[in-house]
$ cat target-v1.cif   # mmCIF, C-alpha atoms
data_data
loop_
_atom_site.label_atom_id
_atom_site.label_comp_id
_atom_site.auth_asym_id
_atom_site.auth_seq_id
_atom_site.Cartn_x
_atom_site.Cartn_y
_atom_site.Cartn_z
CA MET A 1 21.01 -28.45 10.03
CA VAL A 2 20.42 -25.22 11.94
CA PRO A 3 23.80 -23.61 12.77
CA SER A 4 24.47 -23.32 16.47
CA PRO A 5 24.94 -19.85 17.94
CA ALA A 6 28.59 -20.69 18.61
CA SER A 7 29.46 -21.67 15.05
CA PRO A 8 31.48 -18.95 13.27
CA ASP A 9 30.44 -17.52 9.91
CA VAL A 10 33.04 -18.41 7.29
CA THR A 11 34.04 -15.08 5.75
CA PRO A 12 36.85 -13.72 3.56
CA ASP A 13 39.39 -11.00 4.23
CA PRO A 14 37.40 -8.31 6.12
CA ARG A 15 39.12 -5.52 4.17
CA SER A 16 37.54 -6.59 0.88
CA PRO A 17 33.92 -6.04 -0.22
CA ILE A 18 31.49 -8.89 0.13
CA GLU A 19 30.99 -10.73 -3.14
CA GLY A 20 27.32 -11.48 -2.58
CA ILE A 21 24.38 -10.85 -0.28
CA PHE A 22 21.26 -12.93 0.33
CA ILE A 23 18.23 -11.02 1.67
CA ALA A 24 15.42 -12.85 3.43
CA TYR A 25 12.71 -10.20 3.21
CA VAL A 26 9.81 -11.00 5.56
CA PRO A 27 7.08 -8.32 5.67
CA GLY A 28 4.87 -8.62 8.73
CA LEU A 29 7.62 -10.12 10.91
CA ASP A 30 6.71 -8.30 14.11
CA LEU A 31 9.61 -7.82 16.54
CA ARG A 32 7.15 -8.04 19.42
CA ARG A 33 6.59 -11.69 18.51
CA VAL A 34 10.23 -12.69 18.06
CA ASP A 35 11.15 -14.76 21.12
CA ARG A 36 13.28 -17.83 21.87
CA GLU A 37 10.32 -20.18 21.78
CA SER A 38 8.82 -19.19 18.42
CA CYS A 39 11.93 -17.79 16.71
CA PRO A 40 15.11 -19.31 18.18
CA HIS A 41 17.25 -18.61 15.12
CA LEU A 42 16.11 -15.02 14.67
CA THR A 43 16.65 -14.40 18.38
CA ALA A 44 20.20 -15.73 18.06
CA LEU A 45 20.84 -13.51 15.05
CA LEU A 46 19.60 -10.45 16.94
CA ASP A 47 21.81 -11.33 19.93
CA ARG A 48 25.00 -11.97 17.94
CA HIS A 49 24.92 -9.71 14.89
CA PRO A 50 24.52 -6.04 13.96
CA ALA A 51 20.89 -4.97 13.67
CA ALA A 52 18.96 -1.72 13.42
CA THR A 53 15.30 -0.68 13.41
CA PHE A 54 13.46 1.92 11.33
CA LYS A 55 9.91 3.16 10.78
CA ALA A 56 7.59 2.62 7.82
CA PRO A 57 6.38 5.81 6.07
CA ALA A 58 2.56 5.80 6.54
CA THR A 59 1.94 3.29 3.76
CA SER A 60 1.22 -0.42 3.53
CA ASP A 61 3.63 -0.95 0.60
CA CYS A 62 7.18 -0.01 1.59
CA MET A 63 9.07 -2.09 -0.94
CA PRO A 64 9.74 0.75 -3.44
CA MET A 65 11.44 2.76 -0.68
CA LEU A 66 13.49 -0.26 0.42
CA LEU A 67 14.66 -0.84 -3.15
CA THR A 68 15.38 2.74 -4.20
CA GLY A 69 16.33 4.63 -1.04
CA THR A 70 13.95 7.41 -2.13
CA TYR A 71 10.65 8.81 -0.88
CA PRO A 72 7.12 8.18 -2.24
CA HIS A 73 6.89 11.55 -3.97
CA GLU A 74 10.01 10.57 -5.93
CA TYR A 75 9.22 7.01 -6.99
CA GLY A 76 5.54 7.91 -7.44
CA LEU A 77 3.94 4.57 -6.52
CA TRP A 78 1.53 5.75 -3.84
CA GLY A 79 -1.73 4.13 -4.87
CA PRO A 80 -4.43 5.84 -6.97
CA LYS A 81 -3.49 9.06 -8.72
CA LEU A 82 -6.31 11.33 -9.85
CA LYS A 83 -6.37 11.87 -13.60
CA PRO A 84 -6.80 15.39 -14.98
CA ALA A 85 -10.41 16.49 -15.34
CA GLY A 86 -12.01 17.12 -18.69
CA THR A 87 -12.27 13.68 -20.28
CA ARG A 88 -15.79 13.25 -21.62
CA PRO A 89 -17.47 9.90 -20.87
CA THR A 90 -18.11 7.64 -23.84
CA LEU A 91 -21.51 6.21 -24.72
CA VAL A 92 -20.41 2.83 -23.35
CA SER A 93 -19.15 4.30 -20.08
CA ARG A 94 -22.40 6.24 -19.61
CA PHE A 95 -24.33 3.00 -20.06
CA VAL A 96 -22.07 1.17 -17.58
CA ASP A 97 -22.41 3.98 -15.05
CA ALA A 98 -26.20 3.70 -15.22
CA LEU A 99 -25.98 0.14 -13.91
CA PRO A 100 -25.98 -0.56 -10.14
CA ASP A 101 -22.47 -0.71 -8.63
CA ILE A 102 -23.03 -4.28 -7.42
CA VAL A 103 -23.55 -5.35 -11.05
CA THR A 104 -20.46 -3.64 -12.46
CA THR A 105 -18.18 -4.70 -9.64
CA THR A 106 -19.37 -8.29 -9.84
CA VAL A 107 -18.51 -8.29 -13.55
CA GLN A 108 -15.06 -7.00 -12.59
CA CYS A 109 -14.65 -9.88 -10.15
CA VAL A 110 -15.43 -12.38 -12.88
CA GLN A 111 -12.98 -10.67 -15.24
CA HIS A 112 -10.27 -10.81 -12.59
CA VAL A 113 -10.82 -14.51 -12.01
CA VAL A 114 -10.28 -15.13 -15.73
CA SER A 115 -7.33 -12.79 -16.27
CA ASP A 116 -5.78 -11.43 -13.04
CA PRO A 117 -5.86 -11.92 -9.28
CA VAL A 118 -8.87 -10.29 -7.63
CA ASP A 119 -7.69 -6.84 -6.59
CA MET A 120 -9.74 -3.69 -6.04
CA ALA A 121 -12.71 -5.24 -7.81
CA GLY A 122 -14.93 -3.38 -5.37
CA VAL A 123 -14.19 -0.01 -7.01
CA PRO A 124 -16.98 0.62 -9.55
CA PRO A 125 -15.92 1.69 -13.07
CA ARG A 126 -17.44 5.17 -12.67
CA ARG A 127 -14.87 5.84 -9.95
CA ARG A 128 -12.06 3.61 -11.12
CA ARG A 129 -11.64 5.32 -14.49
CA ARG A 130 -10.90 8.58 -12.67
CA PHE A 131 -7.69 7.06 -11.31
CA GLU A 132 -4.33 5.99 -12.58
CA MET A 133 -3.52 2.99 -10.37
CA CYS A 134 0.12 3.33 -9.25
CA PHE A 135 0.89 0.19 -7.25
CA PHE A 136 4.28 -1.53 -7.07
CA LYS A 137 2.80 -4.77 -5.78
CA HIS A 138 1.48 -5.58 -9.26
CA VAL A 139 5.09 -5.82 -10.45
CA LYS A 140 5.93 -8.67 -8.09
CA THR A 141 2.59 -10.48 -7.75
CA ARG A 142 1.18 -10.27 -11.28
CA GLY A 143 4.35 -10.10 -13.33
CA ASP A 144 3.64 -6.62 -14.74
CA GLY A 145 7.35 -5.84 -14.69
CA ASP A 146 10.84 -6.84 -13.57
CA VAL A 147 11.55 -6.31 -9.86
CA THR A 148 15.29 -6.13 -10.63
CA ALA A 149 14.72 -3.19 -13.00
CA PRO A 150 14.56 0.48 -11.92
CA VAL A 151 11.38 1.30 -9.98
CA ASN A 152 9.25 3.65 -12.06
CA GLY A 153 12.48 4.98 -13.60
CA ILE A 154 14.32 5.33 -10.25
CA PRO A 155 17.48 3.22 -9.77
CA SER A 156 17.25 0.49 -7.13
CA PHE A 157 20.02 -1.48 -5.44
CA LEU A 158 19.00 -4.45 -7.62
CA SER A 159 19.17 -2.48 -10.86
CA GLU A 160 22.51 -0.93 -9.87
CA VAL A 161 24.01 -4.38 -9.41
CA GLY A 162 22.43 -5.40 -12.70
CA SER A 163 19.54 -7.65 -13.70
CA SER A 164 21.92 -10.42 -14.76
CA ARG A 165 23.61 -10.43 -11.34
CA SER A 166 20.52 -9.96 -9.16
CA ARG A 167 17.46 -12.10 -8.51
CA PHE A 168 14.09 -11.59 -6.83
CA VAL A 169 11.83 -14.46 -5.75
CA TYR A 170 8.29 -14.03 -4.38
CA LEU A 171 7.02 -16.75 -2.02
CA PRO A 172 3.34 -16.07 -1.20
CA GLY A 173 2.46 -18.93 1.18
CA LEU A 174 3.77 -21.23 3.89
CA LYS A 175 3.04 -24.30 1.82
CA GLY A 176 5.93 -25.21 -0.44
CA LEU A 177 8.67 -23.27 1.38
CA GLU A 178 10.69 -26.41 1.99
CA LYS A 179 10.43 -27.43 -1.67
CA ARG A 180 11.88 -24.09 -2.78
CA LEU A 181 14.91 -24.37 -0.52
CA GLY A 182 17.01 -26.20 -3.10
CA THR A 183 16.57 -23.41 -5.65
CA LEU A 184 17.60 -20.61 -3.26
CA ALA A 185 20.86 -19.32 -1.76
CA ASN A 186 23.13 -21.25 -4.14
CA GLY A 187 25.57 -18.38 -4.66
CA ASP A 188 24.54 -17.80 -8.28
CA HIS A 189 23.91 -14.06 -7.94
CA ALA A 190 25.59 -11.04 -6.39
CA VAL A 191 22.24 -10.15 -4.81
CA GLU A 192 19.41 -12.58 -4.17
CA MET A 193 16.28 -11.23 -2.50
CA VAL A 194 13.52 -13.61 -1.46
CA GLU A 195 10.20 -12.21 -0.21
CA ILE A 196 8.62 -14.60 2.31
CA HIS A 197 5.16 -13.05 2.23
CA CYS A 198 3.21 -15.69 4.16
CA LEU A 199 3.41 -14.10 7.63
CA ASP A 200 1.93 -10.84 6.40
CA GLN A 201 -0.97 -12.60 4.68
CA LEU A 202 -1.61 -15.08 7.46
CA GLN A 203 -1.71 -12.45 10.20
CA HIS A 204 -4.23 -10.37 8.26
CA TRP A 205 -6.69 -13.26 8.48
CA MET A 206 -5.59 -15.37 11.45
CA ALA A 207 -4.19 -12.98 14.04
CA ASP A 208 -7.01 -14.03 16.37
CA ARG A 209 -5.72 -17.63 16.28
CA GLU A 210 -2.72 -17.29 18.54
CA GLN A 211 -1.36 -20.81 18.22
CA ARG A 212 -1.63 -20.73 14.42
CA VAL A 213 0.36 -17.50 14.31
CA ARG A 214 3.03 -18.86 16.67
CA ASP A 215 3.33 -21.99 14.55
CA ALA A 216 3.74 -19.84 11.44
CA TYR A 217 6.52 -17.81 13.07
CA ARG A 218 8.23 -21.06 14.02
CA GLU A 219 7.99 -22.36 10.43
CA VAL A 220 9.37 -19.15 8.97
CA ASP A 221 12.17 -19.07 11.55
CA ASP A 222 13.13 -22.63 10.61
CA PHE A 223 13.14 -21.72 6.90
CA ILE A 224 15.33 -18.68 7.60
CA SER A 225 17.77 -20.83 9.57
CA LYS A 226 18.11 -23.21 6.62
CA LEU A 227 18.67 -20.36 4.19
CA HIS A 228 21.32 -18.97 6.54
CA ALA A 229 23.03 -22.37 6.75
CA LYS A 230 23.25 -22.48 2.95
CA CYS A 231 24.84 -19.03 2.86
CA GLN A 232 27.50 -20.00 5.38
CA GLY A 233 30.63 -21.27 3.71
CA GLN A 234 30.04 -18.99 0.71
CA ASP A 235 31.28 -15.42 0.43
CA CYS A 236 27.65 -14.39 0.82
CA ALA A 237 26.37 -12.23 3.64
CA PHE A 238 23.01 -13.31 5.04
CA ILE A 239 20.53 -10.52 5.76
CA VAL A 240 17.06 -10.55 7.33
CA LEU A 241 14.89 -7.59 6.36
CA CYS A 242 11.42 -6.61 7.53
CA ASP A 243 9.61 -3.34 6.84
CA HIS A 244 6.68 -3.57 9.28
CA GLY A 245 4.87 -5.70 11.85
CA SER A 246 1.14 -6.29 12.26
CA GLU A 247 -1.29 -4.71 14.71
CA PRO A 248 -4.27 -6.77 16.00
CA VAL A 249 -7.59 -5.18 14.97
CA ARG A 250 -9.87 -4.11 17.81
CA GLY A 251 -12.54 -2.24 15.85
CA THR A 252 -13.71 -0.89 12.51
CA LEU A 253 -14.76 2.51 11.17
CA ASP A 254 -17.42 2.66 8.46
CA VAL A 255 -16.38 5.78 6.57
CA MET A 256 -18.03 4.49 3.36
CA THR A 257 -21.52 4.77 4.86
CA GLU A 258 -20.73 8.24 6.18
CA ILE A 259 -19.61 9.34 2.71
CA ARG A 260 -22.79 8.06 1.05
CA ALA A 261 -24.89 9.90 3.63
CA SER A 262 -23.07 13.20 3.12
CA GLY A 263 -25.63 14.54 0.63
CA LEU A 264 -22.90 15.45 -1.84
CA ASP A 265 -23.11 14.77 -5.56
CA ASP A 266 -20.65 12.28 -7.07
CA ASP A 267 -18.97 14.96 -9.17
CA GLU A 268 -18.16 17.10 -6.10
CA PHE A 269 -15.44 14.82 -4.77
CA ASP A 270 -13.45 11.62 -5.35
CA PHE A 271 -12.31 9.17 -2.71
CA TYR A 272 -10.42 5.92 -2.21
CA VAL A 273 -10.62 3.85 0.98
CA GLU A 274 -8.07 1.24 2.06
CA ASN A 275 -7.87 -0.65 5.35
CA THR A 276 -5.64 1.86 7.14
CA ARG A 277 -5.90 4.96 4.96
CA ALA A 278 -8.56 6.90 3.07
CA ARG A 279 -7.87 9.77 0.72
CA PHE A 280 -10.15 12.43 -0.72
CA TRP A 281 -10.10 14.96 -3.53
CA MET A 282 -12.60 17.84 -3.23
CA HIS A 283 -13.90 19.66 -6.30
CA THR A 284 -16.24 22.15 -4.61
CA ALA A 285 -16.00 24.30 -1.50
CA ARG A 286 -19.13 22.60 -0.15
CA ALA A 287 -17.54 19.18 -0.49
CA ARG A 288 -14.33 20.33 1.16
CA GLN A 289 -16.15 21.68 4.20
CA ARG A 290 -18.56 18.78 4.54
CA ILE A 291 -16.01 16.00 4.00
CA VAL A 292 -13.48 17.48 6.43
CA GLU A 293 -16.16 17.99 9.10
CA LEU A 294 -17.36 14.42 8.57
CA LEU A 295 -13.87 12.97 8.89
CA GLU A 296 -13.00 15.03 11.96
CA SER A 297 -16.14 13.73 13.68
CA LEU A 298 -15.05 10.10 13.36
CA PRO A 299 -13.59 8.49 16.50
CA ASN A 300 -10.24 6.68 16.72
CA SER A 301 -8.77 8.38 13.68
CA GLN A 302 -6.70 11.34 12.53
CA VAL A 303 -7.23 13.73 9.60
CA LEU A 304 -4.19 15.07 7.75
CA SER A 305 -3.84 17.38 4.78
CA TRP A 306 -1.49 16.43 1.96
CA ARG A 307 1.00 19.04 3.19
CA GLU A 308 1.00 17.60 6.72
CA LEU A 309 2.40 14.35 5.30
CA GLU A 310 5.68 16.20 4.77
CA ARG A 311 6.69 15.43 8.34
CA PHE A 312 6.93 11.77 7.27
CA GLY A 313 9.07 12.59 4.22
CA ILE A 314 6.09 12.48 1.84
CA CYS A 315 6.35 15.76 -0.06
CA PHE A 316 4.14 15.67 -3.13
CA PRO A 317 4.06 18.98 -5.04
CA ASN A 318 0.29 18.83 -5.58
CA THR A 319 -2.87 16.94 -4.61
CA ASP A 320 -2.79 14.35 -7.42
CA PHE A 321 -2.36 11.53 -4.87
CA GLY A 322 -4.84 12.98 -2.39
CA GLU A 323 -5.88 16.26 -0.81
CA VAL A 324 -7.08 15.07 2.60
CA TYR A 325 -6.16 11.78 4.31
CA LEU A 326 -7.83 9.82 7.08
CA TYR A 327 -5.68 7.45 9.14
CA PRO A 328 -7.31 5.25 11.80
CA GLU A 329 -5.55 4.74 15.12
CA PRO A 330 -3.51 1.54 15.47
CA GLY A 331 -5.87 -1.36 16.04
CA TYR A 332 -8.69 0.13 13.96
CA ILE A 333 -9.38 -0.34 10.26
CA LEU A 334 -11.66 1.27 7.71
CA PHE A 335 -14.26 -1.32 6.74
CA PRO A 336 -15.95 -1.80 4.36
CA ASN A 337 -13.43 -0.36 1.93
CA ASP A 338 -12.50 -0.39 -1.74
CA PHE A 339 -10.78 -3.77 -1.43
CA HIS A 340 -13.95 -5.48 -0.18
CA HIS A 341 -16.50 -7.18 -2.42
CA VAL A 342 -18.80 -10.05 -1.47
CA LEU A 343 -17.86 -12.19 -4.48
CA ALA A 344 -14.15 -11.32 -4.34
CA ASN A 345 -14.16 -12.24 -0.66
CA ARG A 346 -15.51 -15.69 -1.45
CA ILE A 347 -13.08 -16.26 -4.31
CA LEU A 348 -10.03 -15.36 -2.24
CA ALA A 349 -11.23 -17.47 0.69
CA ILE A 350 -11.47 -20.49 -1.60
CA ALA A 351 -8.22 -19.84 -3.47
CA ASP A 352 -5.91 -19.35 -0.47
CA SER A 353 -6.06 -21.47 2.69
CA GLN A 354 -4.43 -18.63 4.65
CA GLN A 355 -7.46 -16.47 3.82
CA ARG A 356 -10.09 -19.10 4.67
CA PRO A 357 -11.39 -17.09 7.70
CA ARG A 358 -12.79 -14.55 5.21
CA PHE A 359 -15.81 -16.84 5.00
CA SER A 360 -16.84 -16.06 8.58
CA LYS A 361 -15.68 -12.44 8.71
CA PRO A 362 -14.39 -10.47 5.70
CA ALA A 363 -12.46 -7.83 7.71
CA HIS A 364 -8.76 -8.09 8.57
CA ARG A 365 -7.81 -9.45 11.99
CA SER A 366 -4.57 -7.46 12.01
CA ASP A 367 -3.15 -4.75 9.82
CA HIS A 368 -0.37 -2.23 9.15
CA GLY A 369 0.12 0.98 7.19
CA TYR A 370 -0.63 3.25 10.14
CA LEU A 371 1.24 6.47 10.92
CA PRO A 372 4.89 5.82 11.84
CA GLU A 373 4.55 6.23 15.60
CA ALA A 374 2.61 2.94 15.76
CA GLU A 375 4.61 -0.05 17.03
CA SER A 376 3.37 -2.12 14.10
CA GLU A 377 5.25 0.20 11.74
CA THR A 378 8.65 -0.83 13.10
CA GLY A 379 10.91 -2.54 10.60
CA PHE A 380 14.40 -3.93 11.09
CA VAL A 381 17.45 -5.29 9.32
CA ILE A 382 19.98 -7.86 10.57
CA LEU A 383 23.38 -8.48 8.94
CA ALA A 384 24.66 -11.92 9.95
CA ASP A 385 28.32 -10.96 9.72
CA THR A 386 30.30 -10.24 12.87
CA ARG A 387 32.90 -8.19 10.97
CA PHE A 388 30.39 -5.33 10.89
CA GLU A 389 28.57 -3.11 13.33
CA THR A 390 25.69 -0.66 12.94
CA VAL A 391 26.22 3.10 12.94
CA ALA A 392 23.12 3.54 15.16
CA PRO A 393 20.39 1.34 16.64
CA ARG A 394 17.66 3.40 14.90
CA VAL A 395 18.04 4.35 11.23
CA GLU A 396 15.79 5.41 8.34
CA MET A 397 14.16 3.19 5.74
CA VAL A 398 15.95 5.10 2.94
CA ASP A 399 19.23 3.86 4.48
CA VAL A 400 18.55 0.26 3.46
CA ALA A 401 19.27 0.45 -0.29
CA PRO A 402 22.61 2.32 -0.08
CA SER A 403 23.67 -0.01 2.75
CA PHE A 404 23.28 -3.08 0.56
CA LEU A 405 25.22 -1.44 -2.26
CA GLY A 406 27.94 -0.43 0.19
CA LEU A 407 28.38 -4.01 1.36
CA LEU A 408 29.07 -5.00 -2.24
CA GLY A 409 31.52 -2.15 -2.82
CA PHE A 410 29.15 -0.05 -4.96
CA ASP A 411 28.76 3.69 -4.62
CA PRO A 412 25.05 4.54 -4.35
CA PRO A 413 23.52 6.65 -7.14
CA ASP A 414 22.78 10.31 -6.46
CA THR A 415 19.06 9.52 -6.19
CA MET A 416 19.52 7.58 -2.95
CA HIS A 417 19.19 9.73 0.15
CA GLY A 418 20.31 7.39 2.91
CA ARG A 419 23.60 6.57 4.56
CA SER A 420 25.12 3.17 5.13
CA ILE A 421 23.71 1.39 8.18
CA PHE A 422 26.77 -0.86 8.57
CA ARG A 423 30.47 -0.18 9.00
CA ARG A 424 33.49 -2.41 9.47
CA ARG A 425 34.52 -3.08 13.01
CA PRO A 426 37.94 -1.67 13.85
CA ASP A 427 40.80 -4.15 13.53
CA PRO A 428 41.56 -5.76 16.91
#

$ encode --input "target-v1.cif" --output "structure tokens"
Amino acid sequence: MVPSPASPDVTPDPRSPIEGIFIAYVPGLDLRRVDRESCPHLTALLDRHPAATFKAPATSDCMPMLLTGTYPHEYGLWGPKLKPAGTRPTLVSRFVDALPDIVTTTVQCVQHVVSDPVDMAGVPPRRRRRFEMCFFKHVKTRGDGDVTAPVNGIPSFLSEVGSSRSRFVYLPGLKGLEKRLGTLANGDHAVEMVEIHCLDQLQHWMADREQRVRDAYREVDDFISKLHAKCQGQDCAFIVLCDHGSEPVRGTLDVMTEIRASGLDDDEFDFYVENTRARFWMHTARARQRIVELLESLPNSQVLSWRELERFGICFPNTDFGEVYLYPEPGYILFPNDFHHVLANRILAIADSQQRPRFSKPAHRSDHGYLPEAESETGFVILADTRFETVAPRVEMVDVAPSFLGLLGFDPPDTMHGRSIFRRRPDP
């Protein structure tokens, strides 16, 4: 049963730390869509309980920052990292590079179907081997590591509590949410974090189907209300966490075609193109001038050097993760890009009902990962415990991890930069 807004949360002595927290982490949960019709429970939580907003840091994968309370240049998972030059190609790699890209990338798609989810199959081997792929999402979606462990060697709030006392669960789709309810929020862990990923995925491919999106928000809201109801009566604080929303796509920019028409040789530069960010490494003065001029001529976009990212807290000491970046304006995406492949598109459309619209159009219908001033890059956190209040209505994303540790009575490690978002209300 969904708890009524008037029902009190059963909580212990307010002077003692909370014994457990349950985090419903919902990427893509856009505050602009949270209303009483689609999200009655979330609306009630926002009305009754302490909440704060923050901005995402110019990336589509914010989870490492949420977990560690550190910045991308510290946890180092910022996408492709250029390997040092000087490695001589092998005889096999020279043969592979002589083949057309459509052949080599199609082989990669087939390999991914057999062994791994289709991901970045569109990057041909001649380019792919130049990169070290530093993505946190592989840890949670492909099982390449333990989400409760330190993130690339950096302590997280989960690892500080301890792997035996913390739990992470990844829920990729709307189907099956109700069946998982019995296994969640049973008070077995000091920290339980459940990622409800379906809204993010569904909006990428169905944002142009308004009623379908509203129905999905209603389903997720209902699931959240049931999780909250299970947490009530336990000494377990219920938290809703979201790191970004989703911006409807109005147009596309074809930077890939522009790059191929630049007249530059392949060994003069490297590049990597995502939906809402492209990065470039220049190896000759000619490439640097031509690429920058090309990017600055594109409409509805902004060109930034790696040093200009410092204003967003992204302070890499060198250009290993990119020398020049292109960010489209909110509502525009870079397409085609390195995540697009004709065969991969078909495979994913068949495998996931939420991605079925890829058959008719392989470009996202909504997206995120823009520069922080975009409304879609607004995240928020709600603590469903009336004994607390927020220190400010607007905080920083690095504040999330130390806040969760503080609720449990832990001192944050020195690596965490943020402050606690929540404080006890004064005694009446």

$ atom_distance --input "target-v1.cif" --atom1 "CA of Asp30 (chain A)" --atom2 "CA of Pro412 (chain A)"
29.0 Å

$ resolve_selection --input "target-v1.cif" --expression "the PyMOL selection byres ((chain A and resi 150-160) around 8)" --output "PyMOL selection string"
chain A and resi 64+67-69+75-77+147-149+161-163+166-167+191+401-402+404-405+412-413+415

$ resolve_selection --input "target-v1.cif" --expression "the PyMOL selection byres ((chain A and resi 340) around 8)" --output "PyMOL selection string"
chain A and resi 120-122+336-339+341-342+344-345+362

$ residues_near_point --input "target-v1.cif" --point "(20.6, -10.2, 8.0)" --cutoff "7 Å" --atoms "only C-alpha atoms" --output "count of residues only"
9

$ closest_residue --input "target-v1.cif" --among "A:Arg311, A:Arg358, A:Arg33, A:Arg425" --to "Gln201 (chain A)" --atoms "all atoms listed in the file"
A:Arg358

$ atom_distance --input "target-v1.cif" --atom1 "CA of Arg288 (chain A)" --atom2 "CA of Asp320 (chain A)"
15.6 Å

$ residues_around --input "target-v1.cif" --residues "Gly263 (chain A)" --least-positions-apart "3" --cutoff "12 Å" --atoms "all atoms listed in the file" --output "PyMOL selection string"
chain A and resi 257-260+266-269+286-287+290-291+294

$ atom_distance --input "target-v1.cif" --atom1 "CA of Glu192 (chain A)" --atom2 "CA of Cys236 (chain A)"
9.8 Å

$ residues_near_point --input "target-v1.cif" --point "(2.5, 3.6, -2.5)" --cutoff "10 Å" --atoms "all atoms listed in the file" --output "NGL selection string"
:A and (57-65 or 71-73 or 75-80 or 133-137 or 321)

$ build_atoms --input "target-v1.cif" --residues "region 222-236 of chain A" --atoms "N, CA and C atoms" --output "compact mmCIF listing (two decimals), in the frame of the given file"
# COMPACT_ATOMS: atom_id res chain seq x y z
N ASP A 222 12.41 -21.43 11.03
CA ASP A 222 13.13 -22.63 10.61
C ASP A 222 13.61 -22.49 9.16
N PHE A 223 12.76 -21.93 8.31
CA PHE A 223 13.14 -21.72 6.90
C PHE A 223 14.30 -20.73 6.81
N ILE A 224 14.24 -19.67 7.60
CA ILE A 224 15.33 -18.68 7.60
C ILE A 224 16.63 -19.32 8.07
N SER A 225 16.56 -20.19 9.08
CA SER A 225 17.77 -20.83 9.57
C SER A 225 18.40 -21.71 8.49
N LYS A 226 17.58 -22.37 7.69
CA LYS A 226 18.11 -23.21 6.62
C LYS A 226 18.71 -22.39 5.49
N LEU A 227 18.09 -21.26 5.18
CA LEU A 227 18.67 -20.36 4.19
C LEU A 227 20.02 -19.83 4.68
N HIS A 228 20.08 -19.47 5.96
CA HIS A 228 21.32 -18.97 6.54
C HIS A 228 22.41 -20.04 6.47
N ALA A 229 22.05 -21.28 6.79
CA ALA A 229 23.03 -22.37 6.75
C ALA A 229 23.60 -22.55 5.35
N LYS A 230 22.76 -22.35 4.31
CA LYS A 230 23.25 -22.48 2.95
C LYS A 230 24.21 -21.34 2.59
N CYS A 231 23.98 -20.17 3.16
CA CYS A 231 24.84 -19.03 2.86
C CYS A 231 26.20 -19.14 3.55
N GLN A 232 26.24 -19.83 4.69
CA GLN A 232 27.50 -20.00 5.38
C GLN A 232 28.42 -20.90 4.55
N GLY A 233 29.68 -20.54 4.53
CA GLY A 233 30.63 -21.27 3.71
C GLY A 233 30.83 -20.64 2.36
N GLN A 234 29.88 -19.77 1.93
CA GLN A 234 30.04 -18.99 0.71
C GLN A 234 30.49 -17.58 1.12
N ASP A 235 31.02 -16.84 0.16
CA ASP A 235 31.28 -15.42 0.43
C ASP A 235 29.99 -14.66 0.17
N CYS A 236 28.99 -14.95 1.00
CA CYS A 236 27.65 -14.39 0.82
C CYS A 236 27.11 -13.98 2.18
